[in-house]
file my_file-v3.txt (compact mmCIF, N, CA and C atoms)
# COMPACT_ATOMS: atom_id res chain seq x y z
N MET Y 8 0.84 -1.18 0.00
CA MET Y 8 0.00 0.00 0.00
C MET Y 8 0.89 1.25 0.00
N LYS Y 9 0.45 2.27 -0.71
CA LYS Y 9 1.23 3.49 -0.81
C LYS Y 9 1.02 4.36 0.42
N THR Y 10 2.10 4.98 0.88
CA THR Y 10 2.01 5.87 2.03
C THR Y 10 1.84 7.31 1.53
N PRO Y 11 1.16 8.18 2.28
CA PRO Y 11 0.91 9.54 1.82
C PRO Y 11 2.17 10.33 1.48
N GLY Y 12 3.27 10.12 2.17
CA GLY Y 12 4.51 10.86 1.90
C GLY Y 12 5.37 10.30 0.79
N GLU Y 13 5.01 9.15 0.27
CA GLU Y 13 5.79 8.49 -0.78
C GLU Y 13 5.78 9.33 -2.06
N VAL Y 14 6.94 9.57 -2.64
CA VAL Y 14 7.04 10.34 -3.88
C VAL Y 14 6.88 9.39 -5.06
N LEU Y 15 5.84 9.64 -5.87
CA LEU Y 15 5.58 8.82 -7.06
C LEU Y 15 6.32 9.37 -8.28
N ARG Y 16 6.45 10.68 -8.31
CA ARG Y 16 7.12 11.33 -9.45
C ARG Y 16 7.58 12.72 -9.02
N GLU Y 17 8.69 13.13 -9.59
CA GLU Y 17 9.23 14.46 -9.29
C GLU Y 17 9.90 14.99 -10.54
N GLY Y 18 9.69 16.28 -10.83
CA GLY Y 18 10.33 16.86 -12.00
C GLY Y 18 9.70 18.17 -12.41
N ASP Y 19 10.10 18.65 -13.60
CA ASP Y 19 9.64 19.95 -14.09
C ASP Y 19 8.25 19.87 -14.71
N LEU Y 20 7.52 20.92 -14.44
CA LEU Y 20 6.15 21.06 -14.91
C LEU Y 20 5.91 22.56 -15.04
N GLU Y 21 5.10 22.98 -16.00
CA GLU Y 21 4.78 24.40 -16.13
C GLU Y 21 3.30 24.62 -15.91
N MET Y 22 3.00 25.74 -15.24
CA MET Y 22 1.63 26.07 -14.89
C MET Y 22 1.34 27.45 -15.46
N ARG Y 23 0.15 27.60 -16.04
CA ARG Y 23 -0.21 28.91 -16.59
C ARG Y 23 -0.68 29.81 -15.47
N SER Y 24 -0.17 31.03 -15.45
CA SER Y 24 -0.53 31.98 -14.40
C SER Y 24 -1.95 32.50 -14.61
N ASP Y 25 -2.52 33.04 -13.55
CA ASP Y 25 -3.86 33.63 -13.61
C ASP Y 25 -3.82 35.09 -14.05
N SER Y 26 -2.65 35.59 -14.37
CA SER Y 26 -2.51 37.01 -14.73
C SER Y 26 -3.13 37.28 -16.09
N LEU Y 27 -3.21 38.54 -16.42
CA LEU Y 27 -3.79 38.97 -17.68
C LEU Y 27 -3.06 38.36 -18.88
N PHE Y 28 -1.74 38.24 -18.78
CA PHE Y 28 -0.95 37.74 -19.91
C PHE Y 28 -0.83 36.22 -19.92
N GLN Y 29 -1.23 35.57 -18.87
CA GLN Y 29 -1.21 34.11 -18.73
C GLN Y 29 0.13 33.51 -19.21
N LEU Y 30 1.16 33.84 -18.49
CA LEU Y 30 2.49 33.33 -18.80
C LEU Y 30 2.66 31.94 -18.19
N TRP Y 31 3.50 31.12 -18.83
CA TRP Y 31 3.81 29.81 -18.29
C TRP Y 31 4.93 29.96 -17.26
N LYS Y 32 4.72 29.43 -16.07
CA LYS Y 32 5.72 29.51 -15.01
C LYS Y 32 6.22 28.11 -14.70
N LYS Y 33 7.54 27.98 -14.69
CA LYS Y 33 8.16 26.68 -14.41
C LYS Y 33 8.04 26.36 -12.93
N LYS Y 34 7.65 25.15 -12.62
CA LYS Y 34 7.52 24.66 -11.25
C LYS Y 34 8.21 23.31 -11.14
N ARG Y 35 8.60 22.98 -9.92
CA ARG Y 35 9.07 21.61 -9.66
C ARG Y 35 7.90 20.88 -9.06
N GLY Y 36 7.43 19.87 -9.75
CA GLY Y 36 6.28 19.11 -9.30
C GLY Y 36 6.71 17.89 -8.49
N VAL Y 37 5.98 17.63 -7.41
CA VAL Y 37 6.19 16.44 -6.60
C VAL Y 37 4.83 15.77 -6.45
N LEU Y 38 4.70 14.57 -6.98
CA LEU Y 38 3.46 13.82 -6.95
C LEU Y 38 3.54 12.73 -5.88
N THR Y 39 2.59 12.73 -4.97
CA THR Y 39 2.49 11.70 -3.93
C THR Y 39 1.12 11.04 -4.07
N PRO Y 40 0.84 9.98 -3.32
CA PRO Y 40 -0.45 9.31 -3.45
C PRO Y 40 -1.68 10.15 -3.08
N ASP Y 41 -1.48 11.30 -2.42
CA ASP Y 41 -2.65 12.10 -2.05
C ASP Y 41 -2.61 13.55 -2.51
N ARG Y 42 -1.56 13.97 -3.25
CA ARG Y 42 -1.50 15.37 -3.70
C ARG Y 42 -0.44 15.59 -4.77
N LEU Y 43 -0.58 16.75 -5.43
CA LEU Y 43 0.44 17.27 -6.33
C LEU Y 43 0.93 18.57 -5.71
N SER Y 44 2.21 18.65 -5.38
CA SER Y 44 2.80 19.86 -4.82
C SER Y 44 3.61 20.54 -5.91
N LEU Y 45 3.46 21.86 -6.01
CA LEU Y 45 4.14 22.64 -7.03
C LEU Y 45 5.02 23.67 -6.35
N PHE Y 46 6.32 23.52 -6.52
CA PHE Y 46 7.29 24.39 -5.88
C PHE Y 46 7.75 25.44 -6.88
N PRO Y 47 7.64 26.73 -6.52
CA PRO Y 47 8.11 27.79 -7.42
C PRO Y 47 9.63 27.80 -7.52
N ALA Y 48 10.10 28.47 -8.56
CA ALA Y 48 11.55 28.51 -8.80
C ALA Y 48 12.30 29.31 -7.74
N GLY Y 49 11.66 30.32 -7.16
CA GLY Y 49 12.33 31.16 -6.17
C GLY Y 49 12.54 30.46 -4.84
N PRO Y 50 13.66 30.74 -4.18
CA PRO Y 50 13.91 30.13 -2.88
C PRO Y 50 12.98 30.70 -1.80
N GLY Y 51 12.58 29.87 -0.87
CA GLY Y 51 11.79 30.30 0.26
C GLY Y 51 10.30 30.45 -0.02
N ALA Y 52 9.87 30.34 -1.27
CA ALA Y 52 8.45 30.45 -1.59
C ALA Y 52 7.73 29.16 -1.20
N ARG Y 53 6.49 29.34 -0.75
CA ARG Y 53 5.71 28.17 -0.32
C ARG Y 53 5.15 27.43 -1.54
N PRO Y 54 5.08 26.10 -1.46
CA PRO Y 54 4.53 25.35 -2.58
C PRO Y 54 3.00 25.47 -2.62
N LYS Y 55 2.46 25.33 -3.80
CA LYS Y 55 1.02 25.24 -3.98
C LYS Y 55 0.68 23.75 -3.94
N GLU Y 56 -0.29 23.37 -3.15
CA GLU Y 56 -0.66 21.96 -3.05
C GLU Y 56 -2.05 21.73 -3.59
N LEU Y 57 -2.15 20.78 -4.50
CA LEU Y 57 -3.43 20.34 -5.03
C LEU Y 57 -3.71 18.96 -4.44
N ARG Y 58 -4.52 18.93 -3.41
CA ARG Y 58 -4.86 17.65 -2.77
C ARG Y 58 -5.90 16.93 -3.61
N PHE Y 59 -5.76 15.63 -3.73
CA PHE Y 59 -6.64 14.87 -4.61
C PHE Y 59 -8.10 14.91 -4.18
N HIS Y 60 -8.38 15.11 -2.90
CA HIS Y 60 -9.79 15.17 -2.49
C HIS Y 60 -10.47 16.41 -3.07
N SER Y 61 -9.68 17.39 -3.55
CA SER Y 61 -10.25 18.58 -4.16
C SER Y 61 -10.11 18.60 -5.68
N ILE Y 62 -9.65 17.50 -6.26
CA ILE Y 62 -9.51 17.41 -7.72
C ILE Y 62 -10.60 16.49 -8.27
N LEU Y 63 -11.29 17.00 -9.27
CA LEU Y 63 -12.34 16.22 -9.92
C LEU Y 63 -11.78 15.33 -11.02
N LYS Y 64 -10.92 15.93 -11.89
CA LYS Y 64 -10.38 15.15 -13.01
C LYS Y 64 -9.22 15.88 -13.68
N VAL Y 65 -8.52 15.13 -14.51
CA VAL Y 65 -7.49 15.67 -15.41
C VAL Y 65 -8.13 15.65 -16.79
N ASP Y 66 -8.12 16.79 -17.45
CA ASP Y 66 -8.93 16.93 -18.66
C ASP Y 66 -8.14 17.63 -19.76
N CYS Y 67 -8.72 17.70 -20.94
CA CYS Y 67 -8.23 18.49 -22.07
C CYS Y 67 -6.79 18.19 -22.43
N VAL Y 68 -6.46 16.97 -22.64
CA VAL Y 68 -5.08 16.62 -22.98
C VAL Y 68 -4.86 16.87 -24.47
N GLU Y 69 -3.80 17.62 -24.76
CA GLU Y 69 -3.42 17.90 -26.14
C GLU Y 69 -1.92 17.75 -26.26
N ARG Y 70 -1.50 17.11 -27.33
CA ARG Y 70 -0.07 16.88 -27.54
C ARG Y 70 0.40 17.65 -28.77
N THR Y 71 1.53 18.35 -28.60
CA THR Y 71 2.20 18.98 -29.73
C THR Y 71 3.55 18.30 -29.87
N GLU Y 72 4.38 18.80 -30.78
CA GLU Y 72 5.70 18.19 -30.93
C GLU Y 72 6.55 18.32 -29.68
N LYS Y 73 6.39 19.43 -28.96
CA LYS Y 73 7.25 19.70 -27.82
C LYS Y 73 6.58 19.44 -26.46
N TYR Y 74 5.28 19.71 -26.34
CA TYR Y 74 4.61 19.68 -25.04
C TYR Y 74 3.34 18.82 -25.04
N ILE Y 75 2.96 18.45 -23.83
CA ILE Y 75 1.63 17.92 -23.56
C ILE Y 75 0.94 18.97 -22.70
N TYR Y 76 -0.24 19.40 -23.13
CA TYR Y 76 -1.03 20.39 -22.40
C TYR Y 76 -2.19 19.66 -21.75
N PHE Y 77 -2.46 19.99 -20.48
CA PHE Y 77 -3.61 19.38 -19.80
C PHE Y 77 -4.15 20.33 -18.75
N THR Y 78 -5.36 20.05 -18.32
CA THR Y 78 -6.07 20.88 -17.35
C THR Y 78 -6.49 20.03 -16.17
N ILE Y 79 -6.26 20.53 -14.97
CA ILE Y 79 -6.78 19.87 -13.77
C ILE Y 79 -8.04 20.65 -13.38
N VAL Y 80 -9.14 19.93 -13.23
CA VAL Y 80 -10.41 20.53 -12.83
C VAL Y 80 -10.65 20.19 -11.37
N THR Y 81 -10.86 21.22 -10.56
CA THR Y 81 -11.09 21.01 -9.12
C THR Y 81 -12.57 20.78 -8.84
N THR Y 82 -12.87 20.34 -7.64
CA THR Y 82 -14.27 20.05 -7.28
C THR Y 82 -15.13 21.31 -7.28
N ASP Y 83 -14.52 22.49 -7.16
CA ASP Y 83 -15.29 23.74 -7.26
C ASP Y 83 -15.26 24.30 -8.69
N ARG Y 84 -14.93 23.44 -9.65
CA ARG Y 84 -14.94 23.72 -11.09
C ARG Y 84 -13.90 24.73 -11.55
N LYS Y 85 -12.87 24.94 -10.76
CA LYS Y 85 -11.76 25.80 -11.18
C LYS Y 85 -10.86 24.98 -12.10
N GLU Y 86 -10.37 25.60 -13.16
CA GLU Y 86 -9.49 24.92 -14.11
C GLU Y 86 -8.09 25.50 -14.00
N ILE Y 87 -7.10 24.60 -13.90
CA ILE Y 87 -5.71 25.00 -13.80
C ILE Y 87 -4.97 24.35 -14.97
N ASP Y 88 -4.35 25.18 -15.80
CA ASP Y 88 -3.69 24.69 -17.01
C ASP Y 88 -2.22 24.38 -16.74
N PHE Y 89 -1.77 23.26 -17.32
CA PHE Y 89 -0.39 22.81 -17.19
C PHE Y 89 0.14 22.41 -18.54
N ARG Y 90 1.46 22.39 -18.62
CA ARG Y 90 2.13 21.77 -19.77
C ARG Y 90 3.41 21.14 -19.26
N CYS Y 91 3.83 20.11 -19.96
CA CYS Y 91 5.06 19.41 -19.61
C CYS Y 91 5.73 18.93 -20.88
N ALA Y 92 6.98 18.58 -20.78
CA ALA Y 92 7.69 18.03 -21.94
C ALA Y 92 6.98 16.76 -22.39
N GLY Y 93 6.89 16.58 -23.69
CA GLY Y 93 6.14 15.46 -24.25
C GLY Y 93 6.50 14.10 -23.71
N GLU Y 94 7.79 13.88 -23.45
CA GLU Y 94 8.21 12.55 -22.99
C GLU Y 94 7.98 12.34 -21.49
N SER Y 95 7.66 13.41 -20.75
CA SER Y 95 7.53 13.26 -19.29
C SER Y 95 6.19 12.65 -18.86
N CYS Y 96 5.14 12.86 -19.64
CA CYS Y 96 3.81 12.28 -19.40
C CYS Y 96 3.29 12.55 -17.99
N TRP Y 97 3.47 13.76 -17.48
CA TRP Y 97 2.94 14.13 -16.17
C TRP Y 97 1.44 13.91 -16.10
N ASN Y 98 0.74 14.20 -17.19
CA ASN Y 98 -0.72 14.06 -17.20
C ASN Y 98 -1.14 12.63 -16.87
N ALA Y 99 -0.44 11.66 -17.43
CA ALA Y 99 -0.76 10.25 -17.17
C ALA Y 99 -0.45 9.88 -15.73
N ALA Y 100 0.68 10.33 -15.21
CA ALA Y 100 1.05 10.01 -13.82
C ALA Y 100 0.05 10.61 -12.84
N ILE Y 101 -0.38 11.86 -13.09
CA ILE Y 101 -1.36 12.50 -12.20
C ILE Y 101 -2.70 11.79 -12.30
N THR Y 102 -3.11 11.44 -13.50
CA THR Y 102 -4.39 10.74 -13.69
C THR Y 102 -4.39 9.40 -12.96
N LEU Y 103 -3.33 8.63 -13.10
CA LEU Y 103 -3.26 7.32 -12.43
C LEU Y 103 -3.24 7.47 -10.91
N ALA Y 104 -2.52 8.45 -10.40
CA ALA Y 104 -2.48 8.68 -8.95
C ALA Y 104 -3.85 9.13 -8.45
N LEU Y 105 -4.54 9.96 -9.21
CA LEU Y 105 -5.88 10.41 -8.84
C LEU Y 105 -6.87 9.25 -8.81
N ILE Y 106 -6.81 8.39 -9.81
CA ILE Y 106 -7.70 7.21 -9.85
C ILE Y 106 -7.41 6.30 -8.67
N ASP Y 107 -6.14 6.09 -8.36
CA ASP Y 107 -5.77 5.25 -7.21
C ASP Y 107 -6.31 5.86 -5.92
N PHE Y 108 -6.18 7.18 -5.76
CA PHE Y 108 -6.69 7.87 -4.57
C PHE Y 108 -8.21 7.71 -4.48
N GLN Y 109 -8.91 7.92 -5.59
CA GLN Y 109 -10.37 7.81 -5.58
C GLN Y 109 -10.82 6.38 -5.28
N ASN Y 110 -10.09 5.39 -5.79
CA ASN Y 110 -10.42 3.99 -5.48
C ASN Y 110 -10.21 3.67 -4.01
N ARG Y 111 -9.09 4.14 -3.45
CA ARG Y 111 -8.83 3.91 -2.01
C ARG Y 111 -9.91 4.57 -1.15
N ARG Y 112 -10.30 5.77 -1.52
CA ARG Y 112 -11.34 6.48 -0.76
C ARG Y 112 -12.69 5.77 -0.88
N ALA Y 113 -13.02 5.26 -2.06
CA ALA Y 113 -14.28 4.53 -2.25
C ALA Y 113 -14.30 3.26 -1.40
N ILE Y 114 -13.17 2.56 -1.33
CA ILE Y 114 -13.10 1.35 -0.50
C ILE Y 114 -13.26 1.71 0.97
N GLN Y 115 -12.61 2.79 1.42
CA GLN Y 115 -12.74 3.23 2.81
C GLN Y 115 -14.20 3.60 3.13
N ASP Y 116 -14.84 4.32 2.21
CA ASP Y 116 -16.25 4.70 2.41
C ASP Y 116 -17.14 3.46 2.50
N PHE Y 117 -16.90 2.48 1.62
CA PHE Y 117 -17.69 1.25 1.62
C PHE Y 117 -17.51 0.49 2.94
N ARG Y 118 -16.26 0.36 3.37
CA ARG Y 118 -16.00 -0.34 4.64
C ARG Y 118 -16.63 0.40 5.82
N SER Y 119 -16.57 1.70 5.79
CA SER Y 119 -17.16 2.50 6.86
C SER Y 119 -18.68 2.31 6.90
N ARG Y 120 -19.31 2.29 5.74
CA ARG Y 120 -20.77 2.05 5.70
C ARG Y 120 -21.11 0.66 6.20
N GLN Y 121 -20.28 -0.34 5.86
CA GLN Y 121 -20.52 -1.71 6.33
C GLN Y 121 -20.39 -1.79 7.84
N GLU Y 122 -19.38 -1.13 8.40
CA GLU Y 122 -19.18 -1.16 9.85
C GLU Y 122 -20.32 -0.48 10.58
N HIS Y 123 -20.85 0.60 10.01
CA HIS Y 123 -21.97 1.30 10.65
C HIS Y 123 -23.27 0.50 10.51
N ALA Y 124 -23.40 -0.24 9.43
CA ALA Y 124 -24.62 -1.03 9.21
C ALA Y 124 -24.59 -2.33 10.00
N ALA Y 125 -23.41 -2.88 10.27
CA ALA Y 125 -23.31 -4.17 10.96
C ALA Y 125 -23.90 -4.13 12.37
N PRO Y 126 -23.61 -3.15 13.22
CA PRO Y 126 -24.20 -3.15 14.56
C PRO Y 126 -25.73 -3.05 14.53
N ALA Y 127 -26.28 -2.33 13.57
CA ALA Y 127 -27.73 -2.21 13.48
C ALA Y 127 -28.37 -3.52 13.04
N ALA Y 128 -27.66 -4.31 12.26
CA ALA Y 128 -28.21 -5.59 11.78
C ALA Y 128 -28.13 -6.67 12.84
N GLN Y 129 -27.26 -6.57 13.80
CA GLN Y 129 -27.10 -7.62 14.82
C GLN Y 129 -28.34 -7.84 15.66
N PRO Y 130 -29.05 -6.82 16.18
CA PRO Y 130 -30.27 -7.09 16.95
C PRO Y 130 -31.32 -7.83 16.14
N GLU Y 131 -31.43 -7.52 14.85
CA GLU Y 131 -32.39 -8.23 14.00
C GLU Y 131 -32.02 -9.70 13.85
N ALA Y 132 -30.74 -9.97 13.74
CA ALA Y 132 -30.28 -11.35 13.60
C ALA Y 132 -30.58 -12.13 14.89
N ARG Y 133 -30.36 -11.51 16.06
CA ARG Y 133 -30.66 -12.17 17.34
C ARG Y 133 -32.14 -12.43 17.46
N ALA Y 134 -32.96 -11.48 17.05
CA ALA Y 134 -34.41 -11.64 17.14
C ALA Y 134 -34.88 -12.77 16.24
N ALA Y 135 -34.27 -12.93 15.10
CA ALA Y 135 -34.66 -14.00 14.18
C ALA Y 135 -34.29 -15.36 14.73
N ARG Y 136 -33.21 -15.45 15.52
CA ARG Y 136 -32.76 -16.73 16.07
C ARG Y 136 -33.52 -17.12 17.33
N ALA Y 137 -34.14 -16.16 18.00
CA ALA Y 137 -34.83 -16.43 19.28
C ALA Y 137 -36.06 -17.31 19.02
N PRO Y 138 -36.36 -18.24 19.96
CA PRO Y 138 -37.51 -19.15 19.75
C PRO Y 138 -38.84 -18.47 19.94

call {"tool": "encode", "arguments": {"input": "my_file-v3.txt", "output": "structure tokens"}}
result
Amino acid sequence: MKTPGEVLREGDLEMRSDSLFQLWKKKRGVLTPDRLSLFPAGPGARPKELRFHSILKVDCVERTEKYIYFTIVTTDRKEIDFRCAGESCWNAAITLALIDFQNRRAIQDFRSRQEHAAPAAQPEARAARAP
């Protein structure tokens, strides 16, 4: 099982700024089983963290000769544009990590519902066995 601090992938990634000119800014990306952290080029700056519980999907993948362009859509419908070198396939790594996270969360939710339903079902089972 993957641990939350385990690094799945690390390397260069570019993110489009929210400014009027929408410039591409180089970031160092660190992908773990529960988030994508984006470290700015400047020293001492805090990383931006995209936790998977707030990501809906990876969308709009387009490939050119040099780059792969993709969009991360958050649960509040915000779109964040990225690009990476064509051979790096960051979009695929993020998508697979997101699917793994969503599957783990679905299993935890299912087990939690089973545990909550089991105590309620026990009195009924005892009543059915009583003479």

call {"tool": "select_by_dssp", "arguments": {"input": "my_file-v3.txt", "residues": "chain Y", "states": "strand (DSSP E or B)", "output": "CSV table (one decimal) with N, CA and C atoms, in the coordinates of the input"}}
result
chain,number,residue,atom,x,y,z
Y,16,ARG,N,6.4,10.7,-8.3
Y,16,ARG,CA,7.1,11.3,-9.4
Y,16,ARG,C,7.6,12.7,-9.0
Y,17,GLU,N,8.7,13.1,-9.6
Y,17,GLU,CA,9.2,14.5,-9.3
Y,17,GLU,C,9.9,15.0,-10.5
Y,18,GLY,N,9.7,16.3,-10.8
Y,18,GLY,CA,10.3,16.9,-12.0
Y,18,GLY,C,9.7,18.2,-12.4
Y,19,ASP,N,10.1,18.6,-13.6
Y,19,ASP,CA,9.6,20.0,-14.1
Y,19,ASP,C,8.2,19.9,-14.7
Y,20,LEU,N,7.5,20.9,-14.4
Y,20,LEU,CA,6.2,21.1,-14.9
Y,20,LEU,C,5.9,22.6,-15.0
Y,21,GLU,N,5.1,23.0,-16.0
Y,21,GLU,CA,4.8,24.4,-16.1
Y,21,GLU,C,3.3,24.6,-15.9
Y,22,MET,N,3.0,25.7,-15.2
Y,22,MET,CA,1.6,26.1,-14.9
Y,22,MET,C,1.3,27.4,-15.5
Y,23,ARG,N,0.2,27.6,-16.0
Y,23,ARG,CA,-0.2,28.9,-16.6
Y,23,ARG,C,-0.7,29.8,-15.5
Y,31,TRP,N,3.5,31.1,-18.8
Y,31,TRP,CA,3.8,29.8,-18.3
Y,31,TRP,C,4.9,30.0,-17.3
Y,32,LYS,N,4.7,29.4,-16.1
Y,32,LYS,CA,5.7,29.5,-15.0
Y,32,LYS,C,6.2,28.1,-14.7
Y,33,LYS,N,7.5,28.0,-14.7
Y,33,LYS,CA,8.2,26.7,-14.4
Y,33,LYS,C,8.0,26.4,-12.9
Y,34,LYS,N,7.6,25.2,-12.6
Y,34,LYS,CA,7.5,24.7,-11.2
Y,34,LYS,C,8.2,23.3,-11.1
Y,35,ARG,N,8.6,23.0,-9.9
Y,35,ARG,CA,9.1,21.6,-9.7
Y,35,ARG,C,7.9,20.9,-9.1
Y,36,GLY,N,7.4,19.9,-9.8
Y,36,GLY,CA,6.3,19.1,-9.3
Y,36,GLY,C,6.7,17.9,-8.5
Y,37,VAL,N,6.0,17.6,-7.4
Y,37,VAL,CA,6.2,16.4,-6.6
Y,37,VAL,C,4.8,15.8,-6.4
Y,38,LEU,N,4.7,14.6,-7.0
Y,38,LEU,CA,3.5,13.8,-7.0
Y,38,LEU,C,3.5,12.7,-5.9
Y,39,THR,N,2.6,12.7,-5.0
Y,39,THR,CA,2.5,11.7,-3.9
Y,39,THR,C,1.1,11.0,-4.1
Y,42,ARG,N,-1.6,14.0,-3.2
Y,42,ARG,CA,-1.5,15.4,-3.7
Y,42,ARG,C,-0.4,15.6,-4.8
Y,43,LEU,N,-0.6,16.8,-5.4
Y,43,LEU,CA,0.4,17.3,-6.3
Y,43,LEU,C,0.9,18.6,-5.7
Y,44,SER,N,2.2,18.6,-5.4
Y,44,SER,CA,2.8,19.9,-4.8
Y,44,SER,C,3.6,20.5,-5.9
Y,45,LEU,N,3.5,21.9,-6.0
Y,45,LEU,CA,4.1,22.6,-7.0
Y,45,LEU,C,5.0,23.7,-6.4
Y,46,PHE,N,6.3,23.5,-6.5
Y,46,PHE,CA,7.3,24.4,-5.9
Y,46,PHE,C,7.8,25.4,-6.9
Y,47,PRO,N,7.6,26.7,-6.5
Y,47,PRO,CA,8.1,27.8,-7.4
Y,47,PRO,C,9.6,27.8,-7.5
Y,55,LYS,N,2.5,25.3,-3.8
Y,55,LYS,CA,1.0,25.2,-4.0
Y,55,LYS,C,0.7,23.8,-3.9
Y,56,GLU,N,-0.3,23.4,-3.2
Y,56,GLU,CA,-0.7,22.0,-3.0
Y,56,GLU,C,-2.0,21.7,-3.6
Y,57,LEU,N,-2.2,20.8,-4.5
Y,57,LEU,CA,-3.4,20.3,-5.0
Y,57,LEU,C,-3.7,19.0,-4.4
Y,58,ARG,N,-4.5,18.9,-3.4
Y,58,ARG,CA,-4.9,17.6,-2.8
Y,58,ARG,C,-5.9,16.9,-3.6
Y,62,ILE,N,-9.6,17.5,-6.3
Y,62,ILE,CA,-9.5,17.4,-7.7
Y,62,ILE,C,-10.6,16.5,-8.3
Y,63,LEU,N,-11.3,17.0,-9.3
Y,63,LEU,CA,-12.3,16.2,-9.9
Y,63,LEU,C,-11.8,15.3,-11.0
Y,64,LYS,N,-10.9,15.9,-11.9
Y,64,LYS,CA,-10.4,15.2,-13.0
Y,64,LYS,C,-9.2,15.9,-13.7
Y,65,VAL,N,-8.5,15.1,-14.5
Y,65,VAL,CA,-7.5,15.7,-15.4
Y,65,VAL,C,-8.1,15.6,-16.8
Y,66,ASP,N,-8.1,16.8,-17.4
Y,66,ASP,CA,-8.9,16.9,-18.7
Y,66,ASP,C,-8.1,17.6,-19.8
Y,67,CYS,N,-8.7,17.7,-20.9
Y,67,CYS,CA,-8.2,18.5,-22.1
Y,67,CYS,C,-6.8,18.2,-22.4
Y,68,VAL,N,-6.5,17.0,-22.6
Y,68,VAL,CA,-5.1,16.6,-23.0
Y,68,VAL,C,-4.9,16.9,-24.5
Y,69,GLU,N,-3.8,17.6,-24.8
Y,69,GLU,CA,-3.4,17.9,-26.1
Y,69,GLU,C,-1.9,17.8,-26.3
Y,70,ARG,N,-1.5,17.1,-27.3
Y,70,ARG,CA,-0.1,16.9,-27.5
Y,70,ARG,C,0.4,17.6,-28.8
Y,74,TYR,N,5.3,19.7,-26.3
Y,74,TYR,CA,4.6,19.7,-25.0
Y,74,TYR,C,3.3,18.8,-25.0
Y,75,ILE,N,3.0,18.4,-23.8
Y,75,ILE,CA,1.6,17.9,-23.6
Y,75,ILE,C,0.9,19.0,-22.7
Y,76,TYR,N,-0.2,19.4,-23.1
Y,76,TYR,CA,-1.0,20.4,-22.4
Y,76,TYR,C,-2.2,19.7,-21.8
Y,77,PHE,N,-2.5,20.0,-20.5
Y,77,PHE,CA,-3.6,19.4,-19.8
Y,77,PHE,C,-4.2,20.3,-18.8
Y,78,THR,N,-5.4,20.0,-18.3
Y,78,THR,CA,-6.1,20.9,-17.4
Y,78,THR,C,-6.5,20.0,-16.2
Y,79,ILE,N,-6.3,20.5,-15.0
Y,79,ILE,CA,-6.8,19.9,-13.8
Y,79,ILE,C,-8.0,20.6,-13.4
Y,80,VAL,N,-9.1,19.9,-13.2
Y,80,VAL,CA,-10.4,20.5,-12.8
Y,80,VAL,C,-10.6,20.2,-11.4
Y,81,THR,N,-10.9,21.2,-10.6
Y,81,THR,CA,-11.1,21.0,-9.1
Y,81,THR,C,-12.6,20.8,-8.8
Y,86,GLU,N,-10.4,25.6,-13.2
Y,86,GLU,CA,-9.5,24.9,-14.1
Y,86,GLU,C,-8.1,25.5,-14.0
Y,87,ILE,N,-7.1,24.6,-13.9
Y,87,ILE,CA,-5.7,25.0,-13.8
Y,87,ILE,C,-5.0,24.4,-15.0
Y,88,ASP,N,-4.4,25.2,-15.8
Y,88,ASP,CA,-3.7,24.7,-17.0
Y,88,ASP,C,-2.2,24.4,-16.7
Y,89,PHE,N,-1.8,23.3,-17.3
Y,89,PHE,CA,-0.4,22.8,-17.2
Y,89,PHE,C,0.1,22.4,-18.5
Y,90,ARG,N,1.5,22.4,-18.6
Y,90,ARG,CA,2.1,21.8,-19.8
Y,90,ARG,C,3.4,21.1,-19.3
Y,91,CYS,N,3.8,20.1,-20.0
Y,91,CYS,CA,5.1,19.4,-19.6
Y,91,CYS,C,5.7,18.9,-20.9
Y,92,ALA,N,7.0,18.6,-20.8
Y,92,ALA,CA,7.7,18.0,-21.9
Y,92,ALA,C,7.0,16.8,-22.4

call {"tool": "residues_around", "arguments": {"input": "my_file-v3.txt", "residues": "range 29-39 of chain Y", "least_positions_apart": "3", "cutoff": "6 Å", "atoms": "only C-alpha atoms", "output": "number ranges by chain"}}
result
Y: 13-26, 42-47

call {"tool": "select_by_dssp", "arguments": {"input": "my_file-v3.txt", "residues": "chain Y", "states": "alpha helix (DSSP H)", "output": "number ranges by chain"}}
result
Y: 97-136

call {"tool": "residues_around", "arguments": {"input": "my_file-v3.txt", "residues": "Val65 in chain Y", "least_positions_apart": "5", "cutoff": "10 Å", "atoms": "only C-alpha atoms", "output": "compact mmCIF listing (two decimals) with N, CA and C atoms, in the coordinates of the input"}}
result
# COMPACT_ATOMS: atom_id res chain seq x y z
N PHE Y 77 -2.46 19.99 -20.48
CA PHE Y 77 -3.61 19.38 -19.80
C PHE Y 77 -4.15 20.33 -18.75
N THR Y 78 -5.36 20.05 -18.32
CA THR Y 78 -6.07 20.88 -17.35
C THR Y 78 -6.49 20.03 -16.17
N ILE Y 79 -6.26 20.53 -14.97
CA ILE Y 79 -6.78 19.87 -13.77
C ILE Y 79 -8.04 20.65 -13.38
N VAL Y 80 -9.14 19.93 -13.23
CA VAL Y 80 -10.41 20.53 -12.83
C VAL Y 80 -10.65 20.19 -11.37
N THR Y 81 -10.86 21.22 -10.56
CA THR Y 81 -11.09 21.01 -9.12
C THR Y 81 -12.57 20.78 -8.84
N GLU Y 86 -10.37 25.60 -13.16
CA GLU Y 86 -9.49 24.92 -14.11
C GLU Y 86 -8.09 25.50 -14.00
N ILE Y 87 -7.10 24.60 -13.90
CA ILE Y 87 -5.71 25.00 -13.80
C ILE Y 87 -4.97 24.35 -14.97
N ASP Y 88 -4.35 25.18 -15.80
CA ASP Y 88 -3.69 24.69 -17.01
C ASP Y 88 -2.22 24.38 -16.74
N ASN Y 98 0.74 14.20 -17.19
CA ASN Y 98 -0.72 14.06 -17.20
C ASN Y 98 -1.14 12.63 -16.87
N ALA Y 99 -0.44 11.66 -17.43
CA ALA Y 99 -0.76 10.25 -17.17
C ALA Y 99 -0.45 9.88 -15.73
N ILE Y 101 -0.38 11.86 -13.09
CA ILE Y 101 -1.36 12.50 -12.20
C ILE Y 101 -2.70 11.79 -12.30
N THR Y 102 -3.11 11.44 -13.50
CA THR Y 102 -4.39 10.74 -13.69
C THR Y 102 -4.39 9.40 -12.96
N LEU Y 103 -3.33 8.63 -13.10
CA LEU Y 103 -3.26 7.32 -12.43
C LEU Y 103 -3.24 7.47 -10.91
N LEU Y 105 -4.54 9.96 -9.21
CA LEU Y 105 -5.88 10.41 -8.84
C LEU Y 105 -6.87 9.25 -8.81
